[in-house]
Amino acid sequence: MFFRAQISAVLATVTDFIVMVLFYQSLGLSLPVSVGCGPIAGGLVNFVLNRCWSFQSCGAGLVRQLISYAIVCLFSAAANVVGVLIVMHKFSINFFYARVVVAIGVALLINYPLHRNFVFTSKDILTKE
């Protein structure tokens, strides 16, 4: 389960970074908006992969999972925005490198535990048809 979730997270992170860079450098949107939108886009990719592949809970309640996942995704996006701004300010490094450091921390300390214990719970896996 952990290994599959990490593969899903890598694919979501690639999506996240592509959106962030395109929004910030190509479209000229602000850094907080760009950093905030990246995880939301990556989150959509991650939800689909995690639901049926990583946590094998396709048969569980979709609406409950979507609501729970949206809460986690918004919390993750906020943590990324705040984390990037703090790391950039504290260490005076490029936004991209700050984003890499923050993304790893958010993925391991926030996203995986909340996905496993809040969104795609063992109850979902046990009760699926």
# chains A, B, ... in the order shown; residues from 1 in each chain; ligands from 1
call {"tool": "residues_around", "arguments": {"residues": "A:Val82", "least_positions_apart": "5", "cutoff": "9 Å", "atoms": "only C-alpha atoms", "output": "count of residues only"}}
result
3
call {"tool": "closest_residue", "arguments": {"among": "A:Gly36, A:Phe91, A:Val63, A:Phe96", "to": "A:Ala79", "atoms": "only C-alpha atoms"}}
result
A:Gly36
call {"tool": "atom_distance", "arguments": {"atom1": "atom CA of A:Arg116", "atom2": "atom CA of A:Phe2"}}
result
9.1 Å
call {"tool": "residues_around", "arguments": {"residues": "stretch 48-53 of chain A", "least_positions_apart": "3", "cutoff": "10 Å", "atoms": "only C-alpha atoms", "output": "list in words"}}
result
Met1, Arg4, Ala5, Gln6, Ile7, Ser8, Ala9, Leu11, Ala12, Gly43, Leu44, Val45, Gln56, Ser57, Cys58, Gly59, Ala60, Leu62, Gln65, Leu66, His115, Arg116, Val119, Phe120, Asp124 and Ile125 of chain A
call {"tool": "select_by_dssp", "arguments": {"residues": "stretch 36-119 of chain A", "states": "alpha helix (DSSP H)", "output": "PyMOL selection string"}}
result
chain A and resi 36-49+62-91+95-106+112-114
call {"tool": "write_last_selection", "arguments": {"atoms": "C-alpha atoms", "output": "PDB file, in the first residue's frame"}}
result
ATOM      1  CA  GLY A  36      -1.719  26.681  -4.266  1.00  0.00           C
ATOM      2  CA  CYS A  37      -3.117  25.490  -7.609  1.00  0.00           C
ATOM      3  CA  GLY A  38      -0.365  22.944  -8.220  1.00  0.00           C
ATOM      4  CA  PRO A  39      -1.312  20.620  -5.359  1.00  0.00           C
ATOM      5  CA  ILE A  40      -4.981  20.835  -6.278  1.00  0.00           C
ATOM      6  CA  ALA A  41      -4.249  19.651  -9.832  1.00  0.00           C
ATOM      7  CA  GLY A  42      -1.919  16.975  -8.524  1.00  0.00           C
ATOM      8  CA  GLY A  43      -4.553  16.041  -5.981  1.00  0.00           C
ATOM      9  CA  LEU A  44      -7.025  15.132  -8.699  1.00  0.00           C
ATOM     10  CA  VAL A  45      -4.503  12.747 -10.240  1.00  0.00           C
ATOM     11  CA  ASN A  46      -3.649  11.365  -6.804  1.00  0.00           C
ATOM     12  CA  PHE A  47      -7.285  10.770  -5.805  1.00  0.00           C
ATOM     13  CA  VAL A  48      -8.065   8.647  -8.839  1.00  0.00           C
ATOM     14  CA  LEU A  49      -4.905   6.555  -8.477  1.00  0.00           C
ATOM     15  CA  LEU A  62     -17.289   7.923  -3.327  1.00  0.00           C
ATOM     16  CA  VAL A  63     -18.993  11.026  -1.915  1.00  0.00           C
ATOM     17  CA  ARG A  64     -17.472  10.590   1.561  1.00  0.00           C
ATOM     18  CA  GLN A  65     -14.052   9.981   0.039  1.00  0.00           C
ATOM     19  CA  LEU A  66     -14.315  13.031  -2.235  1.00  0.00           C
ATOM     20  CA  ILE A  67     -15.287  15.291   0.639  1.00  0.00           C
ATOM     21  CA  SER A  68     -12.552  13.887   2.891  1.00  0.00           C
ATOM     22  CA  TYR A  69     -10.010  14.111   0.091  1.00  0.00           C
ATOM     23  CA  ALA A  70     -10.986  17.703  -0.724  1.00  0.00           C
ATOM     24  CA  ILE A  71     -10.407  18.676   2.909  1.00  0.00           C
ATOM     25  CA  VAL A  72      -6.972  17.025   2.896  1.00  0.00           C
ATOM     26  CA  CYS A  73      -6.118  18.564  -0.493  1.00  0.00           C
ATOM     27  CA  LEU A  74      -6.985  22.080   0.666  1.00  0.00           C
ATOM     28  CA  PHE A  75      -5.019  21.591   3.882  1.00  0.00           C
ATOM     29  CA  SER A  76      -2.079  20.291   1.841  1.00  0.00           C
ATOM     30  CA  ALA A  77      -2.260  23.242  -0.558  1.00  0.00           C
ATOM     31  CA  ALA A  78      -2.256  25.675   2.367  1.00  0.00           C
ATOM     32  CA  ALA A  79       0.687  23.872   3.987  1.00  0.00           C
ATOM     33  CA  ASN A  80       2.589  24.074   0.692  1.00  0.00           C
ATOM     34  CA  VAL A  81       1.933  27.804   0.267  1.00  0.00           C
ATOM     35  CA  VAL A  82       2.925  28.674   3.820  1.00  0.00           C
ATOM     36  CA  GLY A  83       5.886  26.291   3.771  1.00  0.00           C
ATOM     37  CA  VAL A  84       7.294  27.648   0.508  1.00  0.00           C
ATOM     38  CA  LEU A  85       6.985  31.244   1.645  1.00  0.00           C
ATOM     39  CA  ILE A  86       8.670  30.455   4.977  1.00  0.00           C
ATOM     40  CA  VAL A  87      11.508  28.458   3.392  1.00  0.00           C
ATOM     41  CA  MET A  88      12.107  31.125   0.730  1.00  0.00           C
ATOM     42  CA  HIS A  89      12.150  33.897   3.325  1.00  0.00           C
ATOM     43  CA  LYS A  90      14.207  32.041   5.928  1.00  0.00           C
ATOM     44  CA  PHE A  91      16.830  30.558   3.578  1.00  0.00           C
ATOM     45  CA  PHE A  95      10.955  29.111  -5.194  1.00  0.00           C
ATOM     46  CA  PHE A  96      11.398  25.833  -7.085  1.00  0.00           C
ATOM     47  CA  TYR A  97      13.925  24.405  -4.624  1.00  0.00           C
ATOM     48  CA  ALA A  98      11.852  25.604  -1.701  1.00  0.00           C
ATOM     49  CA  ARG A  99       8.858  23.874  -3.237  1.00  0.00           C
ATOM     50  CA  VAL A 100      10.739  20.576  -3.577  1.00  0.00           C
ATOM     51  CA  VAL A 101      11.751  20.589   0.088  1.00  0.00           C
ATOM     52  CA  VAL A 102       8.279  21.550   1.269  1.00  0.00           C
ATOM     53  CA  ALA A 103       6.546  19.045  -1.047  1.00  0.00           C
ATOM     54  CA  ILE A 104       8.522  16.142   0.388  1.00  0.00           C
ATOM     55  CA  GLY A 105       7.680  17.154   3.934  1.00  0.00           C
ATOM     56  CA  VAL A 106       4.001  17.692   3.192  1.00  0.00           C
ATOM     57  CA  TYR A 112       0.037   9.897   3.328  1.00  0.00           C
ATOM     58  CA  PRO A 113      -1.109   9.631   6.957  1.00  0.00           C
ATOM     59  CA  LEU A 114      -4.342  11.512   6.250  1.00  0.00           C
TER      60      LEU A 114
END
call {"tool": "atom_distance", "arguments": {"atom1": "atom CA of A:Phe55", "atom2": "atom CA of A:Phe118"}}
result
11.9 Å
call {"tool": "atom_distance", "arguments": {"atom1": "atom CA of A:Thr121", "atom2": "atom CA of A:Phe3"}}
result
16.7 Å
